[in-house]
Amino acid sequence: MDDKRWAILTACQRLLEDSGSITIDKVASAAGVAKGTVYLYFDSKQELIQQTFLLSIEEISTIMEQAAAAISGTNFERLSAMINAHYEAVHGKMMLLQRLFGEEPEFSRRPLRGQALELLRAVKKIESQYMDVLSAGITGGEFRPHNVQLTAAAIMAMINNLSAGEIFWPQENHQDILPELLQFILQGIAAE
C-alpha cells in the first residue's frame, strides 16, 4: 500500500477512535498531507470511511492468520488461537467500528456494489480462514462432520457480537466472555 494512502487511512482510524468524527481537513492534517491529496486517493468522505473499515477488517484477518500460523499443534489449538485473536482484535477495534457506523449511519444499509464488494471479500476471507481449519479438523478426526460454512459464519457472528460486550453487559469483564465462547464452540464441534 502506498505510504500516503496508509497515512491517510491510519489517521482516519485514529481520529475516529479519539473523537468519533472526521472531516477531510482533519484527516489531511493528521496524516500530514494536503486536503487535495486525500481526494487523490479517495473520491469522498464516504469512500474514505469505507476504506478505513476495510483496512480494519484486513487487519483482523492478518492477526488471525498470524495466530494460526504460530500454532504447530492440533486443529483445536489452531481454531482456539484464531478465535482468541479474532475476539481480541474486534474487541480492541470496537470503539473504532462503532464510530465508523456512527459517522456513516447509512453505511450498513447500502446495497453491495463497487467498494462494498471489497468489504464482502474481506469478510469472506475471514470466513474462509475458519472454514479451512474446520475442514482440516474434520478430515483429521478432531471435529465431528458439520457444515463448515455455517459454523464459520456462526463463529464470526458470536465473536462480533460478544466482543461488544461492554455495550450489552457493562458489568462483565471481556476476558471472562472468551473462555465461555471457546468452550461453547469447541465442545459443539468436537468429535465424540
# chains A, B, ... in the order shown; residues from 1 in each chain; ligands from 1
$ select_by_dssp --residues "chain A" --states "alpha helix (DSSP H)" --output "JSON, numbers by chain"
{"A": [3, 4, 5, 6, 7, 8, 9, 10, 11, 12, 13, 14, 15, 16, 17, 18, 19, 24, 25, 26, 27, 28, 29, 30, 31, 35, 36, 37, 38, 39, 40, 41, 45, 46, 47, 48, 49, 50, 51, 52, 53, 54, 55, 56, 57, 58, 59, 60, 61, 62, 63, 64, 65, 66, 67, 68, 69, 75, 76, 77, 78, 79, 80, 81, 82, 83, 84, 85, 86, 87, 88, 89, 90, 91, 92, 94, 95, 96, 97, 98, 99, 100, 101, 102, 103, 115, 116, 117, 118, 119, 120, 121, 122, 123, 124, 125, 126, 127, 128, 129, 130, 131, 132, 133, 134, 135, 136, 137, 138, 139, 148, 149, 150, 151, 152, 153, 154, 155, 156, 157, 158, 159, 160, 161, 162, 165, 166, 167, 168, 174, 175, 176, 177, 178, 179, 180, 181, 182, 183, 184, 185, 186, 187, 188, 189]}
$ write_last_selection --atoms "C-alpha atoms" --output "compact mmCIF listing (two decimals), in the first residue's frame"
# COMPACT_ATOMS: atom_id res chain seq x y z
CA ASP A 3 2.70 5.38 2.15
CA LYS A 4 0.39 8.38 1.76
CA ARG A 5 -2.70 6.20 1.41
CA TRP A 6 -1.63 4.28 4.53
CA ALA A 7 -1.04 7.55 6.43
CA ILE A 8 -4.49 8.83 5.45
CA LEU A 9 -6.27 5.61 6.45
CA THR A 10 -4.47 5.29 9.77
CA ALA A 11 -5.09 8.98 10.51
CA CYS A 12 -8.79 8.41 9.84
CA GLN A 13 -8.75 5.41 12.21
CA ARG A 14 -7.05 7.42 14.97
CA LEU A 15 -9.40 10.38 14.60
CA LEU A 16 -12.46 8.15 14.74
CA GLU A 17 -11.14 6.34 17.80
CA ASP A 18 -10.22 9.60 19.54
CA SER A 19 -13.07 11.94 18.65
CA ILE A 24 -11.37 15.62 5.27
CA ASP A 25 -9.47 18.64 6.65
CA LYS A 26 -8.85 16.88 9.98
CA VAL A 27 -7.75 13.67 8.29
CA ALA A 28 -5.39 15.53 5.96
CA SER A 29 -3.85 17.42 8.87
CA ALA A 30 -3.45 14.26 10.97
CA ALA A 31 -1.90 12.41 8.02
CA LYS A 35 -6.57 18.13 1.62
CA GLY A 36 -6.24 17.66 -2.14
CA THR A 37 -4.00 14.65 -1.56
CA VAL A 38 -6.80 12.94 0.37
CA TYR A 39 -9.04 13.44 -2.66
CA LEU A 40 -6.37 11.94 -4.93
CA TYR A 41 -6.80 8.68 -3.04
CA LYS A 45 -15.55 11.09 2.81
CA GLN A 46 -17.85 8.09 2.39
CA GLU A 47 -15.20 6.21 0.40
CA LEU A 48 -12.55 7.10 2.98
CA ILE A 49 -14.74 5.72 5.77
CA GLN A 50 -15.47 2.59 3.77
CA GLN A 51 -11.78 2.03 3.07
CA THR A 52 -10.97 2.62 6.75
CA PHE A 53 -13.48 -0.10 7.64
CA LEU A 54 -11.92 -2.38 5.01
CA LEU A 55 -8.46 -1.78 6.48
CA SER A 56 -9.78 -2.73 9.92
CA ILE A 57 -11.21 -6.00 8.60
CA GLU A 58 -7.97 -6.77 6.78
CA GLU A 59 -6.00 -6.10 9.98
CA ILE A 60 -8.24 -8.53 11.88
CA SER A 61 -7.72 -11.16 9.18
CA THR A 62 -3.95 -10.72 9.34
CA ILE A 63 -3.97 -11.03 13.13
CA MET A 64 -5.93 -14.28 12.82
CA GLU A 65 -3.56 -15.66 10.18
CA GLN A 66 -0.57 -14.90 12.39
CA ALA A 67 -2.22 -16.55 15.39
CA ALA A 68 -3.00 -19.72 13.42
CA ALA A 69 0.49 -19.83 11.89
CA ASN A 75 -6.66 -28.01 14.73
CA PHE A 76 -8.40 -27.48 18.09
CA GLU A 77 -5.41 -25.39 19.15
CA ARG A 78 -5.30 -23.52 15.84
CA LEU A 79 -9.03 -22.79 16.00
CA SER A 80 -8.74 -21.66 19.62
CA ALA A 81 -5.88 -19.32 18.70
CA MET A 82 -7.86 -17.90 15.77
CA ILE A 83 -10.98 -17.34 17.85
CA ASN A 84 -8.95 -15.72 20.61
CA ALA A 85 -7.11 -13.45 18.15
CA HIS A 86 -10.34 -12.58 16.33
CA TYR A 87 -12.16 -11.79 19.56
CA GLU A 88 -9.33 -9.65 20.95
CA ALA A 89 -8.86 -7.82 17.63
CA VAL A 90 -12.55 -7.00 17.24
CA HIS A 91 -12.81 -6.06 20.91
CA GLY A 92 -9.79 -3.79 20.51
CA MET A 94 -14.87 -1.89 18.91
CA MET A 95 -14.76 1.85 19.54
CA LEU A 96 -13.47 2.45 16.01
CA LEU A 97 -16.13 0.18 14.49
CA GLN A 98 -18.93 1.85 16.46
CA ARG A 99 -17.72 5.25 15.38
CA LEU A 100 -17.36 4.20 11.74
CA PHE A 101 -21.03 3.26 11.73
CA GLY A 102 -21.93 6.36 13.72
CA GLU A 103 -20.12 8.60 11.23
CA GLN A 115 -16.17 -0.62 -2.90
CA ALA A 116 -18.62 -2.51 -0.70
CA LEU A 117 -17.82 -5.70 -2.61
CA GLU A 118 -14.25 -5.35 -1.31
CA LEU A 119 -15.68 -5.39 2.21
CA LEU A 120 -17.62 -8.56 1.46
CA ARG A 121 -14.48 -10.22 0.06
CA ALA A 122 -12.52 -9.28 3.21
CA VAL A 123 -15.22 -10.72 5.47
CA LYS A 124 -15.39 -13.85 3.29
CA LYS A 125 -11.61 -14.22 3.71
CA ILE A 126 -12.06 -14.43 7.48
CA GLU A 127 -14.87 -16.93 6.96
CA SER A 128 -12.58 -18.93 4.69
CA GLN A 129 -9.84 -18.97 7.34
CA TYR A 130 -12.28 -20.57 9.75
CA MET A 131 -13.58 -22.97 7.11
CA ASP A 132 -10.05 -24.18 6.34
CA VAL A 133 -9.23 -25.10 9.93
CA LEU A 134 -12.69 -26.59 10.49
CA SER A 135 -12.32 -28.75 7.36
CA ALA A 136 -8.84 -29.84 8.42
CA GLY A 137 -10.24 -30.75 11.84
CA ILE A 138 -12.98 -32.87 10.27
CA THR A 139 -10.50 -34.58 7.96
CA VAL A 148 -18.17 -25.69 7.92
CA GLN A 149 -19.54 -22.59 6.19
CA LEU A 150 -22.46 -22.33 8.60
CA THR A 151 -20.18 -22.98 11.58
CA ALA A 152 -17.65 -20.37 10.38
CA ALA A 153 -20.43 -17.80 9.94
CA ALA A 154 -21.81 -18.62 13.41
CA ILE A 155 -18.37 -18.24 15.00
CA MET A 156 -17.92 -14.87 13.30
CA ALA A 157 -21.36 -13.66 14.41
CA MET A 158 -20.76 -14.73 18.00
CA ILE A 159 -17.35 -13.08 18.13
CA ASN A 160 -18.57 -9.86 16.58
CA ASN A 161 -21.49 -9.63 19.00
CA LEU A 162 -19.75 -10.83 22.14
CA GLY A 165 -19.92 -6.99 25.49
CA GLU A 166 -19.24 -3.66 27.20
CA ILE A 167 -22.21 -2.25 25.33
CA PHE A 168 -24.61 -5.05 26.26
CA HIS A 174 -14.47 -9.05 28.40
CA GLN A 175 -11.79 -11.55 29.46
CA ASP A 176 -14.49 -13.63 31.17
CA ILE A 177 -16.51 -13.94 27.96
CA LEU A 178 -13.81 -15.57 25.82
CA PRO A 179 -13.41 -18.83 27.81
CA GLU A 180 -17.17 -19.37 27.69
CA LEU A 181 -17.21 -18.73 23.95
CA LEU A 182 -14.32 -21.12 23.32
CA GLN A 183 -15.90 -23.85 25.43
CA PHE A 184 -19.24 -23.44 23.68
CA ILE A 185 -17.76 -23.60 20.18
CA LEU A 186 -15.17 -26.30 20.74
CA GLN A 187 -17.49 -28.64 22.64
CA GLY A 188 -20.09 -28.21 19.93
CA ILE A 189 -17.83 -29.38 17.12
$ atom_distance --atom1 "atom CA of Ala191 of chain A" --atom2 "atom CA of Glu142 of chain A"
5.5 Å
$ atom_distance --atom1 "atom CA of Ala34 of chain A" --atom2 "atom CA of Gly20 of chain A"
21.6 Å
$ closest_residue --among "A:Ser21, A:Ala190, A:Ala70, A:Gly32" --to "Pro145 of chain A" --atoms "only C-alpha atoms"
A:Ala190
$ atom_distance --atom1 "atom CA of Lys93 of chain A" --atom2 "atom CA of Asn173 of chain A"
16.3 Å
